[in-house]
Amino acid sequence: MEKTAEALYRDRKQFFNDRAGEWLELCYRDPQSGRFDLHAAAFDRLFSLVPLRPGERVLDAGCGSGVLVPMILERIGPEGILCELDFAERMIEENRRLHREPNIRFLVADVARAPLEPESFDTVFCFSCFPHFDRKPEVIGALARALRPGGTLVISHFNSAEEINRHHESFPAVSHDHLPGPEAMKGMVAAAGLRVDAFIDEDGFYCLLARK
């Protein structure tokens with residue numbers, strides 16, 4: 001029997017809650033160096049495309065346990081504000097345990113329904129999470145409303161769309177979570193009133209940049 005949308009949502013949430021304490025270890029530790037720098041070159045590339053500035057307000061939507069936190073804080077400085085948002089409460093608990101800087105705000109909520117102030121962020125990241133969002137057009141619409149004029153939405157992965165979709169099929173709880181094709185992505189972004197500035201989809205790197 002095909003699962004309902006509600007059952008798929010519960011399974012997905014449980015999947016991430018169950019892995020919250022080991023997520024950084026599973027995905028980002030380099031077995032050779034022992035440090036969480038497995039994708040250092042890809043992170044450098046991502047932040048070269050998204051040059052954050054001191055004092056900016058940044059939303060990390062679908063943040064998990066916070067792999068982006070140190071890199072964002074390094075760039076926005078103590079005068080900036082970072083909001084870490086995820087629907088999996090254990091991910092936020094782990095994120096809060098690891099990151100205690102006073103300019104971080106933590107929020108447990110579904111991205112499409114999160115209580116975000118309109119035009120309150122300079123940059124919104126959706127890093128390694130967009131396939132897992134239900135109601136993807138609503139999510140992009142909500143994030144677009146939260147952006148200030150001139151602000152940037154970043155949807156990024158360190159795999160191509162094809163690689164991501166194939167990888168998710170290996171895990172029943174997220175096997176339905178696919179990244180839409182380029183025309184569908186661009187269409188959702190345009191419908192939300194954003195302009196695509198860059199679109200990269202290649203082996204080992206995916207990035208869509210859209211500006212309000």
# chains A, B, ... in the order shown; residues from 1 in each chain; ligands from 1
$ select_by_dssp --residues "segment 3-144 of chain A" --states "strand (DSSP E or B)" --output "number ranges by chain"
A: 57-61, 81-86, 104-108, 121-127
$ write_last_selection --atoms "N, CA and C atoms" --output "CSV table (one decimal), in the first residue's frame"
chain,number,residue,atom,x,y,z
A,57,ARG,N,22.2,39.2,8.0
A,57,ARG,CA,21.3,38.3,8.7
A,57,ARG,C,21.1,37.1,7.7
A,58,VAL,N,21.3,35.9,8.2
A,58,VAL,CA,21.4,34.7,7.4
A,58,VAL,C,20.4,33.6,8.0
A,59,LEU,N,19.6,33.0,7.1
A,59,LEU,CA,18.8,31.9,7.5
A,59,LEU,C,19.4,30.6,6.9
A,60,ASP,N,19.6,29.6,7.7
A,60,ASP,CA,20.1,28.3,7.3
A,60,ASP,C,18.9,27.3,7.4
A,61,ALA,N,18.2,27.2,6.3
A,61,ALA,CA,16.9,26.4,6.3
A,61,ALA,C,17.2,25.0,6.1
A,81,ILE,N,23.5,38.0,12.3
A,81,ILE,CA,22.6,37.1,13.0
A,81,ILE,C,22.4,35.9,12.1
A,82,LEU,N,22.4,34.7,12.7
A,82,LEU,CA,22.2,33.5,12.0
A,82,LEU,C,21.0,32.7,12.6
A,83,CYS,N,20.1,32.4,11.8
A,83,CYS,CA,18.9,31.6,12.3
A,83,CYS,C,19.1,30.2,11.7
A,84,GLU,N,19.1,29.2,12.6
A,84,GLU,CA,19.2,27.8,12.3
A,84,GLU,C,17.8,27.2,12.4
A,85,LEU,N,17.3,26.7,11.3
A,85,LEU,CA,15.9,26.2,11.2
A,85,LEU,C,15.9,24.8,10.7
A,86,ASP,N,15.2,23.9,11.4
A,86,ASP,CA,15.0,22.5,10.9
A,86,ASP,C,13.8,21.9,11.5
A,104,ILE,N,23.3,33.3,17.4
A,104,ILE,CA,22.5,32.3,16.7
A,104,ILE,C,21.2,32.2,17.3
A,105,ARG,N,20.2,32.1,16.4
A,105,ARG,CA,18.8,31.8,16.8
A,105,ARG,C,18.4,30.4,16.3
A,106,PHE,N,17.7,29.6,17.1
A,106,PHE,CA,17.4,28.2,16.7
A,106,PHE,C,15.8,28.1,16.7
A,107,LEU,N,15.4,27.4,15.6
A,107,LEU,CA,13.9,27.3,15.4
A,107,LEU,C,13.6,25.9,14.9
A,108,VAL,N,12.7,25.3,15.6
A,108,VAL,CA,12.2,24.0,15.1
A,108,VAL,C,10.8,24.2,14.4
A,121,PHE,N,15.9,38.6,6.0
A,121,PHE,CA,17.2,38.0,5.8
A,121,PHE,C,17.9,38.5,4.5
A,122,ASP,N,19.2,38.6,4.6
A,122,ASP,CA,20.0,39.0,3.4
A,122,ASP,C,20.3,37.7,2.5
A,123,THR,N,20.5,36.6,3.2
A,123,THR,CA,20.8,35.4,2.5
A,123,THR,C,20.1,34.2,3.1
A,124,VAL,N,19.5,33.3,2.3
A,124,VAL,CA,18.9,32.1,2.8
A,124,VAL,C,19.6,30.9,2.1
A,125,PHE,N,20.1,30.0,3.0
A,125,PHE,CA,20.7,28.8,2.5
A,125,PHE,C,19.8,27.6,2.6
A,126,CYS,N,19.7,26.8,1.6
A,126,CYS,CA,19.1,25.5,1.7
A,126,CYS,C,20.2,24.5,1.2
A,127,PHE,N,21.0,24.1,2.2
A,127,PHE,CA,22.2,23.3,1.8
A,127,PHE,C,21.9,21.8,2.1
$ residues_around --residues "His132 of chain A" --least-positions-apart "6" --cutoff "10 Å" --atoms "only C-alpha atoms" --output "list in words"
Tyr9, Arg12, Lys13, Gly62, His168, Val174, Ser175, His176, Asp177, His178 and Leu179 of chain A
$ atom_distance --atom1 "atom CA of Lys136 of chain A" --atom2 "atom CA of Met188 of chain A"
8.0 Å
$ residues_around --residues "segment 40-51 of chain A" --least-positions-apart "2" --cutoff "12 Å" --atoms "only C-alpha atoms" --output "PyMOL selection string"
chain A and resi 28-30+33+35-38+53-54+56+58+67-68+70-72+74-76+122-128+151-159+197-200+203-211
$ write_last_selection --atoms "C-alpha atoms" --output "PDB file, in the first residue's frame"
ATOM      1  CA  TYR A  28      31.584  15.427   6.800  1.00  0.00           C
ATOM      2  CA  ARG A  29      34.524  13.824   8.630  1.00  0.00           C
ATOM      3  CA  ASP A  30      37.529  13.082   6.452  1.00  0.00           C
ATOM      4  CA  SER A  33      42.599  13.904   8.430  1.00  0.00           C
ATOM      5  CA  ARG A  35      38.641  16.601  10.751  1.00  0.00           C
ATOM      6  CA  PHE A  36      35.224  17.663   9.490  1.00  0.00           C
ATOM      7  CA  ASP A  37      36.738  18.913   6.237  1.00  0.00           C
ATOM      8  CA  LEU A  38      35.802  16.157   3.807  1.00  0.00           C
ATOM      9  CA  ARG A  53      29.405  40.283   4.590  1.00  0.00           C
ATOM     10  CA  PRO A  54      29.810  41.299   8.242  1.00  0.00           C
ATOM     11  CA  GLU A  56      24.290  40.260   7.528  1.00  0.00           C
ATOM     12  CA  VAL A  58      21.354  34.683   7.358  1.00  0.00           C
ATOM     13  CA  VAL A  67      27.675  22.039   9.354  1.00  0.00           C
ATOM     14  CA  LEU A  68      27.465  25.556   7.844  1.00  0.00           C
ATOM     15  CA  PRO A  70      31.188  28.017  11.628  1.00  0.00           C
ATOM     16  CA  MET A  71      31.608  29.089   8.000  1.00  0.00           C
ATOM     17  CA  ILE A  72      28.669  31.493   8.109  1.00  0.00           C
ATOM     18  CA  GLU A  74      33.212  33.523  10.283  1.00  0.00           C
ATOM     19  CA  ARG A  75      31.866  35.709   7.488  1.00  0.00           C
ATOM     20  CA  ILE A  76      29.015  37.639   9.137  1.00  0.00           C
ATOM     21  CA  ASP A 122      20.003  38.963   3.418  1.00  0.00           C
ATOM     22  CA  THR A 123      20.790  35.368   2.466  1.00  0.00           C
ATOM     23  CA  VAL A 124      18.897  32.087   2.790  1.00  0.00           C
ATOM     24  CA  PHE A 125      20.746  28.780   2.474  1.00  0.00           C
ATOM     25  CA  CYS A 126      19.092  25.452   1.666  1.00  0.00           C
ATOM     26  CA  PHE A 127      22.178  23.279   1.836  1.00  0.00           C
ATOM     27  CA  SER A 128      21.895  19.545   1.253  1.00  0.00           C
ATOM     28  CA  GLY A 151      18.741  39.136  -1.024  1.00  0.00           C
ATOM     29  CA  THR A 152      19.895  35.733  -2.269  1.00  0.00           C
ATOM     30  CA  LEU A 153      18.423  32.242  -2.042  1.00  0.00           C
ATOM     31  CA  VAL A 154      21.036  29.483  -2.246  1.00  0.00           C
ATOM     32  CA  ILE A 155      20.034  25.869  -2.975  1.00  0.00           C
ATOM     33  CA  SER A 156      23.140  23.707  -2.970  1.00  0.00           C
ATOM     34  CA  HIS A 157      24.430  20.136  -2.734  1.00  0.00           C
ATOM     35  CA  PHE A 158      27.800  18.504  -3.130  1.00  0.00           C
ATOM     36  CA  ASN A 159      26.401  16.080  -5.701  1.00  0.00           C
ATOM     37  CA  ASP A 197      21.591  34.384 -11.176  1.00  0.00           C
ATOM     38  CA  ALA A 198      23.440  31.075 -11.510  1.00  0.00           C
ATOM     39  CA  PHE A 199      22.633  27.398 -12.000  1.00  0.00           C
ATOM     40  CA  ILE A 200      25.302  24.700 -11.748  1.00  0.00           C
ATOM     41  CA  ASP A 203      29.295  15.830 -10.770  1.00  0.00           C
ATOM     42  CA  GLY A 204      30.058  16.721  -7.163  1.00  0.00           C
ATOM     43  CA  PHE A 205      28.444  20.164  -7.125  1.00  0.00           C
ATOM     44  CA  TYR A 206      24.946  21.632  -7.481  1.00  0.00           C
ATOM     45  CA  CYS A 207      24.088  25.247  -6.853  1.00  0.00           C
ATOM     46  CA  LEU A 208      21.139  27.437  -7.744  1.00  0.00           C
ATOM     47  CA  LEU A 209      21.457  31.128  -6.836  1.00  0.00           C
ATOM     48  CA  ALA A 210      18.367  33.288  -7.072  1.00  0.00           C
ATOM     49  CA  ARG A 211      18.004  36.960  -6.186  1.00  0.00           C
TER      50      ARG A 211
END
$ residues_around --residues "Val139 of chain A" --least-positions-apart "5" --cutoff "10 Å" --atoms "only C-alpha atoms" --output "ChimeraX atom specification"
/A:61,110-114,130,133-134,144-145,188,192
$ select_by_dssp --residues "segment 50-167 of chain A" --states "helix (DSSP H, G or I)" --output "VMD selection string"
chain A and resid 69 to 76 89 to 98 111 to 113 130 to 132 136 to 146 161 to 167
$ decode --residues "segment 48-200 of chain A" --atoms "C-alpha atoms" --output "CSV table (one decimal), in the first residue's frame"
chain,number,residue,atom,x,y,z
A,48,SER,CA,33.0,32.1,-3.2
A,49,LEU,CA,29.7,32.2,-5.0
A,50,VAL,CA,27.9,33.5,-2.0
A,51,PRO,CA,30.1,36.3,-0.6
A,52,LEU,CA,28.6,37.0,2.9
A,53,ARG,CA,29.4,40.3,4.6
A,54,PRO,CA,29.8,41.3,8.2
A,55,GLY,CA,26.5,42.2,9.9
A,56,GLU,CA,24.3,40.3,7.5
A,57,ARG,CA,21.3,38.3,8.7
A,58,VAL,CA,21.4,34.7,7.4
A,59,LEU,CA,18.8,31.9,7.5
A,60,ASP,CA,20.1,28.3,7.3
A,61,ALA,CA,16.9,26.4,6.3
A,62,GLY,CA,17.1,22.7,6.8
A,63,CYS,CA,20.2,23.2,8.8
A,64,GLY,CA,20.5,19.8,10.4
A,65,SER,CA,23.2,19.8,13.1
A,66,GLY,CA,24.8,22.9,11.7
A,67,VAL,CA,27.7,22.0,9.4
A,68,LEU,CA,27.5,25.6,7.8
A,69,VAL,CA,27.4,27.4,11.2
A,70,PRO,CA,31.2,28.0,11.6
A,71,MET,CA,31.6,29.1,8.0
A,72,ILE,CA,28.7,31.5,8.1
A,73,LEU,CA,29.6,33.0,11.5
A,74,GLU,CA,33.2,33.5,10.3
A,75,ARG,CA,31.9,35.7,7.5
A,76,ILE,CA,29.0,37.6,9.1
A,77,GLY,CA,30.9,38.3,12.4
A,78,PRO,CA,29.5,38.8,15.9
A,79,GLU,CA,27.3,41.7,14.6
A,80,GLY,CA,25.5,39.4,12.2
A,81,ILE,CA,22.6,37.1,13.0
A,82,LEU,CA,22.2,33.5,12.0
A,83,CYS,CA,18.9,31.6,12.3
A,84,GLU,CA,19.2,27.8,12.3
A,85,LEU,CA,15.9,26.2,11.2
A,86,ASP,CA,15.0,22.5,10.9
A,87,PHE,CA,11.9,20.3,11.4
A,88,ALA,CA,13.8,17.6,13.3
A,89,GLU,CA,14.0,18.7,16.9
A,90,ARG,CA,16.9,16.4,17.7
A,91,MET,CA,19.0,18.0,14.9
A,92,ILE,CA,18.3,21.4,16.5
A,93,GLU,CA,19.2,20.0,19.9
A,94,GLU,CA,22.5,18.7,18.6
A,95,ASN,CA,23.1,22.0,16.7
A,96,ARG,CA,22.5,24.0,19.8
A,97,ARG,CA,24.8,21.8,21.8
A,98,LEU,CA,27.6,22.3,19.3
A,99,HIS,CA,27.1,26.0,18.7
A,100,ARG,CA,26.7,28.4,21.6
A,101,GLU,CA,27.5,31.7,20.0
A,102,PRO,CA,25.0,34.4,21.2
A,103,ASN,CA,24.1,35.6,17.7
A,104,ILE,CA,22.5,32.3,16.7
A,105,ARG,CA,18.8,31.8,16.8
A,106,PHE,CA,17.4,28.2,16.7
A,107,LEU,CA,13.9,27.3,15.4
A,108,VAL,CA,12.2,24.0,15.1
A,109,ALA,CA,9.5,24.2,12.4
A,110,ASP,CA,8.5,23.1,9.0
A,111,VAL,CA,10.1,25.5,6.6
A,112,ALA,CA,6.9,26.2,4.6
A,113,ARG,CA,5.1,27.2,7.9
A,114,ALA,CA,8.0,28.7,9.9
A,115,PRO,CA,7.2,32.0,11.6
A,116,LEU,CA,9.7,34.1,9.6
A,117,GLU,CA,9.4,37.9,9.5
A,118,PRO,CA,9.0,39.2,5.9
A,119,GLU,CA,12.1,40.7,4.4
A,120,SER,CA,14.3,39.8,7.4
A,121,PHE,CA,17.2,38.0,5.8
A,122,ASP,CA,20.0,39.0,3.4
A,123,THR,CA,20.8,35.4,2.5
A,124,VAL,CA,18.9,32.1,2.8
A,125,PHE,CA,20.7,28.8,2.5
A,126,CYS,CA,19.1,25.5,1.7
A,127,PHE,CA,22.2,23.3,1.8
A,128,SER,CA,21.9,19.5,1.3
A,129,CYS,CA,18.2,19.5,2.2
A,130,PHE,CA,15.9,20.7,-0.6
A,131,PRO,CA,14.8,17.3,-1.9
A,132,HIS,CA,13.4,16.6,1.6
A,133,PHE,CA,11.0,19.5,1.7
A,134,ASP,CA,7.3,18.7,1.1
A,135,ARG,CA,5.4,21.3,-1.0
A,136,LYS,CA,8.5,22.7,-2.6
A,137,PRO,CA,6.8,25.6,-4.3
A,138,GLU,CA,5.4,26.7,-1.0
A,139,VAL,CA,8.9,26.4,0.6
A,140,ILE,CA,10.5,28.6,-2.1
A,141,GLY,CA,7.6,31.1,-1.7
A,142,ALA,CA,8.0,31.3,2.1
A,143,LEU,CA,11.8,31.7,1.8
A,144,ALA,CA,11.4,34.4,-0.9
A,145,ARG,CA,9.1,36.4,1.4
A,146,ALA,CA,11.7,36.2,4.1
A,147,LEU,CA,14.4,37.7,1.9
A,148,ARG,CA,15.1,41.4,1.8
A,149,PRO,CA,15.1,43.1,-1.6
A,150,GLY,CA,18.3,42.2,-3.3
A,151,GLY,CA,18.7,39.1,-1.0
A,152,THR,CA,19.9,35.7,-2.3
A,153,LEU,CA,18.4,32.2,-2.0
A,154,VAL,CA,21.0,29.5,-2.2
A,155,ILE,CA,20.0,25.9,-3.0
A,156,SER,CA,23.1,23.7,-3.0
A,157,HIS,CA,24.4,20.1,-2.7
A,158,PHE,CA,27.8,18.5,-3.1
A,159,ASN,CA,26.4,16.1,-5.7
A,160,SER,CA,24.7,16.5,-9.0
A,161,ALA,CA,20.9,16.2,-9.1
A,162,GLU,CA,21.2,12.8,-10.6
A,163,GLU,CA,23.6,11.6,-7.9
A,164,ILE,CA,21.4,13.0,-5.2
A,165,ASN,CA,18.3,11.3,-6.5
A,166,ARG,CA,20.0,8.0,-7.0
A,167,HIS,CA,21.6,8.1,-3.5
A,168,HIS,CA,18.2,8.8,-1.8
A,169,GLU,CA,16.7,5.7,-3.4
A,170,SER,CA,18.9,3.6,-1.2
A,171,PHE,CA,17.1,4.7,2.0
A,172,PRO,CA,13.4,3.9,2.3
A,173,ALA,CA,12.6,6.8,4.5
A,174,VAL,CA,13.8,9.3,1.9
A,175,SER,CA,13.5,7.3,-1.3
A,176,HIS,CA,10.7,9.6,-2.5
A,177,ASP,CA,12.8,12.8,-1.9
A,178,HIS,CA,14.1,13.9,-5.3
A,179,LEU,CA,15.6,17.1,-6.6
A,180,PRO,CA,13.4,18.4,-9.4
A,181,GLY,CA,14.8,19.0,-12.9
A,182,PRO,CA,16.3,22.3,-13.9
A,183,GLU,CA,13.2,23.7,-15.6
A,184,ALA,CA,11.0,22.8,-12.7
A,185,MET,CA,13.5,24.4,-10.3
A,186,LYS,CA,13.7,27.6,-12.3
A,187,GLY,CA,10.0,27.7,-12.7
A,188,MET,CA,9.4,27.5,-8.9
A,189,VAL,CA,12.0,30.2,-8.3
A,190,ALA,CA,10.4,32.5,-11.0
A,191,ALA,CA,6.9,31.9,-9.6
A,192,ALA,CA,8.2,33.2,-6.2
A,193,GLY,CA,9.4,36.4,-7.7
A,194,LEU,CA,13.1,35.6,-7.8
A,195,ARG,CA,15.6,35.8,-10.6
A,196,VAL,CA,18.0,33.0,-11.3
A,197,ASP,CA,21.6,34.4,-11.2
A,198,ALA,CA,23.4,31.1,-11.5
A,199,PHE,CA,22.6,27.4,-12.0
A,200,ILE,CA,25.3,24.7,-11.7
